[in-house]
Structures are given as structure tokens and as C-alpha cells.
>>> print(open('query11.txt').read())   # compact mmCIF, C-alpha atoms and all ligand atoms
# COMPACT_ATOMS: atom_id res chain seq x y z
CA MET Q 9 29.72 -13.90 -163.70
CA ARG Q 10 31.10 -15.48 -166.84
CA THR Q 11 28.54 -16.28 -169.58
CA THR Q 12 28.28 -20.01 -170.26
CA ILE Q 13 27.09 -21.96 -173.28
CA LEU Q 14 23.95 -22.75 -171.27
CA ASP Q 15 23.26 -19.02 -170.90
CA ILE Q 16 23.66 -18.64 -174.66
CA GLN Q 17 21.25 -21.49 -175.32
CA LYS Q 18 18.74 -20.02 -172.86
CA MET Q 19 18.87 -16.79 -174.84
CA LYS Q 20 17.58 -18.70 -177.86
CA GLN Q 21 14.84 -20.31 -175.75
CA ARG Q 22 13.77 -16.83 -174.65
CA THR Q 23 13.98 -15.66 -178.31
CA GLU Q 24 16.52 -13.09 -177.18
CA ARG Q 25 18.83 -12.24 -180.10
CA ILE Q 26 22.52 -12.89 -179.47
CA PRO Q 27 25.21 -10.37 -180.52
CA MET Q 28 28.74 -11.69 -181.01
CA VAL Q 29 31.84 -9.79 -182.16
CA THR Q 30 35.36 -10.83 -182.90
CA ALA Q 31 38.28 -9.43 -180.91
CA TYR Q 32 41.96 -10.18 -181.11
CA ASP Q 33 43.63 -8.25 -178.27
CA TYR Q 34 43.28 -7.28 -174.60
CA THR Q 35 42.06 -3.70 -175.04
CA SER Q 36 39.43 -4.53 -177.67
CA ALA Q 37 38.20 -7.43 -175.55
CA GLN Q 38 37.81 -5.10 -172.56
CA ILE Q 39 35.71 -2.74 -174.69
CA ALA Q 40 33.49 -5.53 -176.04
CA ASP Q 41 33.08 -6.95 -172.56
CA ARG Q 42 32.10 -3.54 -171.15
CA ALA Q 43 29.59 -3.17 -174.01
CA GLY Q 44 27.91 -6.33 -172.70
CA VAL Q 45 28.48 -8.59 -175.70
CA PRO Q 46 27.89 -12.11 -174.36
CA MET Q 47 30.20 -13.94 -176.80
CA ILE Q 48 33.54 -12.92 -178.25
CA LEU Q 49 35.09 -14.89 -181.06
CA VAL Q 50 38.84 -14.82 -181.49
CA GLY Q 51 38.40 -15.50 -185.18
CA ASP Q 52 41.10 -16.63 -187.54
CA SER Q 53 39.94 -13.60 -189.55
CA LEU Q 54 42.82 -12.04 -187.62
CA GLY Q 55 44.91 -13.47 -190.46
CA MET Q 56 43.57 -10.69 -192.67
CA VAL Q 57 42.62 -7.82 -190.39
CA VAL Q 58 45.52 -8.07 -187.92
CA LEU Q 59 48.31 -9.91 -189.76
CA GLY Q 60 47.73 -8.68 -193.32
CA HIS Q 61 47.36 -12.05 -195.05
CA THR Q 62 44.91 -12.38 -197.93
CA SER Q 63 43.03 -15.30 -196.31
CA THR Q 64 42.79 -17.22 -193.05
CA VAL Q 65 44.79 -20.13 -194.48
CA PRO Q 66 48.26 -19.07 -193.20
CA VAL Q 67 47.09 -18.56 -189.59
CA THR Q 68 48.77 -20.93 -187.13
CA LEU Q 69 47.59 -22.42 -183.86
CA GLU Q 70 50.38 -20.58 -182.03
CA GLU Q 71 49.09 -17.26 -183.38
CA MET Q 72 45.54 -18.14 -182.34
CA LEU Q 73 46.70 -19.10 -178.84
CA HIS Q 74 48.65 -15.84 -178.50
CA HIS Q 75 45.65 -13.67 -179.41
CA THR Q 76 43.14 -15.77 -177.47
CA ARG Q 77 45.19 -15.41 -174.26
CA ALA Q 78 45.08 -11.62 -174.63
CA VAL Q 79 41.32 -11.61 -175.24
CA VAL Q 80 40.63 -13.88 -172.27
CA ARG Q 81 42.71 -11.55 -170.06
CA GLY Q 82 40.57 -8.62 -171.25
CA THR Q 83 37.22 -10.16 -170.36
CA GLN Q 84 35.30 -10.86 -167.19
CA ARG Q 85 31.85 -11.75 -168.48
CA ALA Q 86 31.95 -12.73 -172.14
CA LEU Q 87 32.25 -16.32 -173.27
CA VAL Q 88 35.46 -16.44 -175.32
CA ILE Q 89 35.55 -18.80 -178.30
CA GLY Q 90 38.89 -19.63 -179.90
CA ASP Q 91 38.84 -20.45 -183.61
CA LEU Q 92 40.77 -23.57 -184.60
CA PRO Q 93 42.82 -22.59 -187.66
CA PHE Q 94 43.30 -24.40 -190.98
CA LEU Q 95 44.62 -27.99 -190.76
CA THR Q 96 44.63 -28.12 -186.95
CA TYR Q 97 41.64 -30.49 -186.72
CA THR Q 98 42.14 -32.88 -189.64
CA THR Q 99 41.65 -35.91 -187.36
CA THR Q 100 39.79 -36.29 -184.09
CA GLU Q 101 43.10 -36.83 -182.27
CA GLN Q 102 44.56 -33.65 -183.73
CA ALA Q 103 41.37 -31.75 -182.89
CA ILE Q 104 41.61 -32.90 -179.28
CA GLN Q 105 45.22 -31.68 -179.12
CA SER Q 106 44.43 -28.31 -180.73
CA ALA Q 107 41.20 -27.67 -178.82
CA GLY Q 108 42.86 -28.83 -175.60
CA ARG Q 109 45.63 -26.27 -176.07
CA MET Q 110 43.05 -23.60 -176.84
CA MET Q 111 41.28 -24.33 -173.56
CA GLN Q 112 44.26 -25.10 -171.31
CA GLU Q 113 46.98 -22.78 -172.62
CA ALA Q 114 44.88 -19.87 -173.88
CA GLY Q 115 41.95 -20.10 -171.48
CA ALA Q 116 39.22 -20.19 -174.18
CA HIS Q 117 35.82 -21.31 -172.97
CA ALA Q 118 34.89 -22.97 -176.26
CA VAL Q 119 36.33 -23.59 -179.71
CA LYS Q 120 34.95 -23.07 -183.21
CA LEU Q 121 35.68 -25.21 -186.21
CA GLU Q 122 34.53 -25.14 -189.82
CA GLY Q 123 32.69 -27.87 -191.68
CA GLY Q 124 29.44 -29.81 -191.97
CA SER Q 125 28.51 -33.41 -191.26
CA ALA Q 126 32.07 -34.65 -191.86
CA MET Q 127 33.03 -32.86 -188.64
CA ALA Q 128 30.27 -34.51 -186.56
CA PRO Q 129 32.34 -37.43 -185.16
CA THR Q 130 35.10 -35.02 -184.11
CA ILE Q 131 32.59 -32.69 -182.45
CA THR Q 132 30.98 -35.62 -180.62
CA ARG Q 133 34.36 -36.61 -179.16
CA LEU Q 134 35.35 -33.05 -178.20
CA VAL Q 135 32.01 -32.56 -176.47
CA GLU Q 136 32.40 -35.92 -174.65
CA LEU Q 137 35.70 -34.61 -173.36
CA GLY Q 138 34.12 -31.40 -172.04
CA ILE Q 139 35.09 -29.05 -174.86
CA PRO Q 140 32.19 -26.86 -176.03
CA VAL Q 141 32.19 -26.58 -179.83
CA MET Q 142 30.67 -23.98 -182.11
CA GLY Q 143 30.21 -25.16 -185.71
CA HIS Q 144 30.56 -23.03 -188.86
CA VAL Q 145 28.87 -23.79 -192.19
CA GLY Q 146 27.94 -21.98 -195.40
CA PHE Q 147 30.93 -19.98 -196.55
CA THR Q 148 33.84 -21.50 -194.63
CA PRO Q 149 36.80 -19.14 -195.10
CA GLN Q 150 39.44 -21.86 -194.63
CA SER Q 151 38.12 -23.45 -197.87
CA VAL Q 152 38.35 -20.22 -199.86
CA ASN Q 153 40.74 -21.83 -202.34
CA GLN Q 154 38.08 -24.40 -203.16
CA ILE Q 155 34.81 -22.50 -202.93
CA GLY Q 156 35.71 -18.85 -203.61
CA THR Q 157 33.92 -16.14 -201.67
CA ARG Q 158 30.39 -16.35 -203.03
CA VAL Q 159 27.08 -16.92 -201.25
CA GLN Q 160 26.68 -20.64 -200.51
CA ALA Q 161 23.71 -23.03 -200.60
CA ARG Q 162 21.62 -21.14 -203.16
CA SER Q 163 20.57 -24.25 -205.09
CA SER Q 164 17.98 -26.61 -203.61
CA THR Q 165 20.52 -29.46 -203.43
CA ASP Q 166 23.08 -27.34 -201.59
CA ALA Q 167 20.43 -25.84 -199.31
CA ALA Q 168 19.17 -29.33 -198.38
CA GLN Q 169 22.77 -30.39 -197.69
CA LEU Q 170 23.28 -27.36 -195.46
CA ILE Q 171 20.17 -28.22 -193.44
CA GLU Q 172 21.47 -31.79 -193.04
CA ASP Q 173 24.86 -30.46 -191.98
CA VAL Q 174 23.39 -28.25 -189.28
CA LEU Q 175 21.15 -31.07 -187.98
CA GLU Q 176 24.19 -33.33 -187.74
CA LEU Q 177 26.24 -30.68 -185.95
CA GLU Q 178 23.39 -30.25 -183.48
CA ALA Q 179 23.11 -34.03 -182.97
CA ALA Q 180 26.89 -34.19 -182.45
CA GLY Q 181 26.56 -31.72 -179.58
CA ALA Q 182 27.65 -28.38 -181.06
CA PHE Q 183 26.31 -25.66 -178.75
CA ALA Q 184 25.81 -23.15 -181.60
CA VAL Q 185 26.65 -22.80 -185.28
CA VAL Q 186 27.84 -19.87 -187.39
CA LEU Q 187 25.95 -19.55 -190.67
CA GLU Q 188 28.08 -17.50 -193.03
CA LEU Q 189 27.03 -16.09 -196.41
CA ILE Q 190 23.88 -18.10 -197.07
CA PRO Q 191 20.48 -16.90 -198.30
CA ALA Q 192 18.45 -15.19 -195.57
CA GLN Q 193 15.38 -17.40 -196.11
CA LEU Q 194 17.43 -20.56 -195.67
CA ALA Q 195 19.12 -19.24 -192.52
CA ALA Q 196 15.72 -18.34 -191.05
CA VAL Q 197 14.33 -21.82 -191.72
CA VAL Q 198 17.42 -23.53 -190.30
CA SER Q 199 17.29 -21.35 -187.18
CA GLN Q 200 13.69 -22.45 -186.59
CA ARG Q 201 14.47 -26.14 -187.16
CA VAL Q 202 17.11 -26.50 -184.42
CA ARG Q 203 17.27 -25.92 -180.66
CA ILE Q 204 20.81 -24.52 -180.68
CA PRO Q 205 21.54 -20.87 -181.62
CA MET Q 206 22.39 -20.04 -185.22
CA ILE Q 207 24.77 -17.08 -185.37
CA GLY Q 208 24.65 -15.39 -188.74
CA ILE Q 209 27.08 -13.34 -190.77
CA GLY Q 210 25.77 -12.44 -194.17
CA ALA Q 211 22.80 -14.74 -193.44
CA GLY Q 212 19.98 -12.29 -192.79
CA ALA Q 213 17.97 -11.27 -189.75
CA GLY Q 214 16.24 -14.61 -189.17
CA CYS Q 215 19.22 -16.07 -187.29
CA ASP Q 216 19.25 -16.29 -183.49
CA GLY Q 217 22.29 -14.04 -183.30
CA GLN Q 218 24.77 -12.14 -185.43
CA VAL Q 219 28.54 -11.91 -185.56
CA GLN Q 220 30.58 -9.09 -187.04
CA VAL Q 221 34.32 -8.77 -187.52
CA TRP Q 222 35.70 -6.05 -185.23
CA HIS Q 223 37.78 -4.27 -187.87
CA ASP Q 224 34.94 -4.30 -190.43
CA MET Q 225 32.20 -2.99 -188.16
CA LEU Q 226 34.42 -0.26 -186.73
CA GLY Q 227 35.78 0.85 -190.10
CA LEU Q 228 39.37 -0.08 -189.23
CA TYR Q 229 40.03 -2.45 -192.11
CA THR Q 230 39.98 -0.56 -195.38
CA ASP Q 231 41.36 -3.10 -197.89
CA PHE Q 232 37.79 -3.99 -198.74
CA LYS Q 233 34.34 -3.88 -197.13
CA PRO Q 234 32.32 -7.09 -197.19
CA ARG Q 235 28.72 -6.45 -198.26
CA HIS Q 236 27.36 -8.10 -195.12
CA SER Q 237 29.33 -5.88 -192.72
CA LYS Q 238 27.88 -2.63 -191.44
CA ARG Q 239 30.21 0.17 -190.39
CA TYR Q 240 29.14 1.47 -187.00
CA ALA Q 241 32.14 3.84 -186.89
CA ASN Q 242 34.96 5.03 -189.10
CA LEU Q 243 37.83 4.52 -186.71
CA ALA Q 244 40.49 4.38 -189.44
CA ASP Q 245 39.72 8.04 -190.22
CA VAL Q 246 39.57 9.01 -186.54
CA ILE Q 247 42.91 7.30 -185.84
CA GLU Q 248 44.57 8.72 -188.95
CA GLN Q 249 43.50 12.20 -187.89
CA ALA Q 250 44.80 11.67 -184.37
CA ILE Q 251 48.18 10.38 -185.58
CA THR Q 252 48.47 13.29 -188.03
CA SER Q 253 47.79 15.78 -185.22
CA TYR Q 254 50.38 14.09 -183.03
CA ALA Q 255 53.00 14.07 -185.81
CA ASP Q 256 52.26 17.75 -186.59
CA GLU Q 257 52.72 18.69 -182.91
CA VAL Q 258 56.00 16.77 -182.66
CA ARG Q 259 57.28 18.48 -185.80
CA ALA Q 260 56.20 21.89 -184.45
CA GLY Q 261 57.73 21.21 -181.03
CA THR Q 262 54.40 21.74 -179.24
CA PHE Q 263 54.26 18.17 -177.95
CA PRO Q 264 55.14 17.31 -175.26
CA ASP Q 265 54.13 20.41 -173.29
CA SER Q 266 54.58 20.89 -169.55
CA GLU Q 267 51.37 18.97 -168.82
CA HIS Q 268 52.86 15.87 -170.38
CA SER Q 269 56.40 16.24 -168.96
CA SER Q 270 57.95 15.95 -165.51
CA SER Q 271 60.49 18.28 -163.87
CA MET Q 272 63.18 18.41 -161.21
CA THR Q 273 64.60 21.30 -159.22
CA ASP Q 274 67.37 23.40 -160.76
CA GLU Q 275 69.51 22.61 -157.71
CA ALA Q 276 69.20 18.87 -158.27
CA LEU Q 277 70.08 19.27 -161.95
CA GLN Q 278 73.08 21.51 -161.16
CA ALA Q 279 74.30 19.06 -158.54
CA ALA Q 280 74.01 16.18 -161.03
CA LEU Q 281 75.98 18.14 -163.65
CA ALA Q 282 78.64 18.98 -161.06
CA GLN Q 283 78.99 15.26 -160.26
CA THR Q 284 79.55 14.47 -163.94
CA GLY Q 285 82.19 17.17 -164.21
CA GLU Q 286 80.17 19.73 -166.21
O1 LIG T 1 37.23 -15.83 -188.19
C1 LIG T 1 36.17 -15.21 -188.05
O2 LIG T 1 36.14 -14.02 -187.71
C2 LIG T 1 34.93 -15.93 -188.27
C3 LIG T 1 33.67 -15.13 -188.30
C4 LIG T 1 33.55 -14.44 -189.59
C5 LIG T 1 32.49 -15.98 -188.00
O3 LIG T 1 34.94 -17.11 -188.45
>>> encode(input="query11.txt", output="C-alpha cells", more="lines below")
Ligand code: KIV
Amino acid sequence: MRTTILDIQKMKQRTERIPMVTAYDYTSAQIADRAGVPMILVGDSLGMVVLGHTSTVPVTLEEMLHHTRAVVRGTQRALVIGDLPFLTYTTTEQAIQSAGRMMQEAGAHAVKLEGGSAMAPTITRLVELGIPVMGHVGFTPQSVNQIGTRVQARSSTDAAQLIEDVLELEAAGAFAVVLELIPAQLAAVVSQRVRIPMIGIGAGAGCDGQVQVWHDMLGLYTDFKPRHSKRYANLADVIEQAITSYADEVRAGTFPDSEHSSSMTDEALQAALAQTGE
């Protein structure tokens, strides 16, 4: 049975912590789904970890749709959330178009968009139309050119604004909100103040759930390691070793061996050669 936003909200009511990971392709989504992760985010972080950009800004809606389709195909149980990329929700009308495509063409079960109270009217309309929306405040990567990459809402004014933002997103009908790169104490207080789940990344353990970027937590992305990500594996090393072994065996002529090849009878081969005049 597919996880719904109601299941996710019940997890908060039961004080059950909610793990979320990103995924960007069919095979990874299958693995996350088998691991029992209830929510998978097809994040626009794919701009960096899959496409090699330096930020999420260049990511297009078409790219997000392409990857979201693959992730949806790889899952049976997880709720799949498609990130709306930069400048694809600048008006409510545009947000309806973009979120509609994410749901209808890619099969996402919800969308995520960045921004505080300014996004509330858009969220209200999307929710009225039956589109579940996850909010995202604190460090919002699509605004990196304005805000840099530092921890957000450290001052009392900014912290109060963040609390207001989350309350407005909740009132607008967001089913959950990502809190990225904010002080742990603030995230804990915010999580207690609202009924909807707060999913943290770089926001401490007081959130209702956590999200990690696939390539960071598995040690696949080596350009840099964000402080808030924990490496649960070093797959870049494992894969590099595997590819080196493969290349060595090809060079030495030991791959493929008979186990990885197929054969035909000598008679059939001779007959084929005779037919081609050899
Ligand atoms: O794009 C992404 O992966 C995200 C997470 C970091 C929350 O927005």
C-alpha cells in the first residue's frame, strides 16, 4: 500500500520519527523503497549530484519530470515528492501548471516548493486543487545567489520570521515542511508548535523527521561534504575499486570468462562460415 500524506501526519501524532531520502533514478528508488523509507524526495539537488551544476538554479522542470518518472516507477510504497525547480512557481497559475505536470506526467504524489509566507496563497490554491504541498524554509537552495550557504535564522528577528513562515505554511495547508540549515533549538521549538511534520536537514534532532541527499549519505558525491550530512557508506570508493578491477580484467583478457559468455556448436559455426564462403 502506498504511503499517503495522512500516514505521514499520523507518524507525527504518534511521535514516530520520519526518515526521508532523496532519489533520482529507478534503481535507487527501488533500494530506498525496499529499505522502508516512507517518503522519497526527487530533489532539485540532482542539479549538483547528478548533473554536475554548482547549484540547483539551472535545473529545469523537464529534467525534474524525467527523474521523477523514473523514481515513481521504482517505488511501490513510498510517497514520492517532486521538487518544483527555480522559477517554475513564480505565480499561482504557473505553480498550478508546474505542479499539475509533476502529478499528471511524472506521477508524483506531492510537490515541494521553497519559500515562506509569500508562498502561502499559492499553497492554499494548490491544496484546494488536490495537490499535496511540502514547504521548505531556512536555507532555500534556489536562493543561494541571494543568501549564500550559511545557517539561517540565527538572529531573534530572523528566527521569529521563520516561525511565522512555518505557521503560515501550515495554515495554507502544507502537509509538511523541510527545515534546512537552521539552529537546532529553533527547529525543535517550531516542530513542537505545529501539527504538521517538520523534516530537518542540518536542523538538529528535534525535528519530526530528517532528510538526507542520497549521494551525500552514501559517499557518492565527493566534490564536497556538507557538515550536516553523515556518510553511511563510501560507495564512491567501492565503485571505483569495482571499475578498476573490471578494467584490469579486460586489459588482461580474463574478462569475460566462459561463465559470462555463451557458445554454439562447432558444427553450427562451420556451417555458418561455409555459407559465407569461408
Ligand atoms: O533538493 C533537495 O534535495 C532538497 C533537500 C535538501 C531537502 O531540497
>>> closest_atom_pairs(input="query11.txt", of="chain Q", to="ligand LIG 1 (chain T)", cutoff="8 Å", atoms="only C-alpha atoms and all ligand atoms", output="CSV")
residue,atom,partner,partner_atom,distance
Q:Thr30,CA,T:LIG1,O2,5.8
Q:Leu49,CA,T:LIG1,O2,6.8
Q:Val50,CA,T:LIG1,O2,6.8
Q:Gly51,CA,T:LIG1,O1,3.2
Q:Asp52,CA,T:LIG1,O1,4.0
Q:Ser53,CA,T:LIG1,O1,3.8
Q:Leu54,CA,T:LIG1,O1,6.8
Q:Thr64,CA,T:LIG1,O1,7.5
Q:Asp91,CA,T:LIG1,O1,6.7
Q:Lys120,CA,T:LIG1,O3,7.9
Q:His144,CA,T:LIG1,C5,7.4
Q:Thr148,CA,T:LIG1,O3,7.7
Q:Pro149,CA,T:LIG1,O3,7.2
Q:Val186,CA,T:LIG1,C5,6.1
Q:Leu187,CA,T:LIG1,C5,7.9
Q:Glu188,CA,T:LIG1,C5,6.9
Q:Gly208,CA,T:LIG1,C5,7.9
Q:Ile209,CA,T:LIG1,C5,6.6
Q:Val219,CA,T:LIG1,C5,6.2
Q:Gln220,CA,T:LIG1,C4,6.6
Q:Val221,CA,T:LIG1,O2,5.6
>>> atom_distance(input="query11.txt", atom1="atom CA of Q:Ile247", atom2="atom CA of Q:Ser63")
24.9 Å
>>> residues_around(input="query11.txt", residues="Q:Leu170", least_positions_apart="4", cutoff="7 Å", atoms="only C-alpha atoms", output="list in words")
Ala161, Asp166 and Val174 of chain Q
>>> closest_residue(input="query11.txt", among="Q:Gly227, Q:Pro66, Q:Pro46, Q:Gly156", to="Q:Asn242", atoms="all atoms listed in the file")
Q:Gly227
>>> residues_around(input="query11.txt", residues="Q:Thr130", least_positions_apart="6", cutoff="9 Å", atoms="only C-alpha atoms", output="list in words")
Tyr97, Thr99, Thr100, Glu101, Ala103, Ile104 and Ala180 of chain Q
>>> closest_residue(input="query11.txt", among="Q:Leu228, Q:Ile204, Q:Val135, Q:Leu243", to="Q:Val57", atoms="only C-alpha atoms")
Q:Leu228
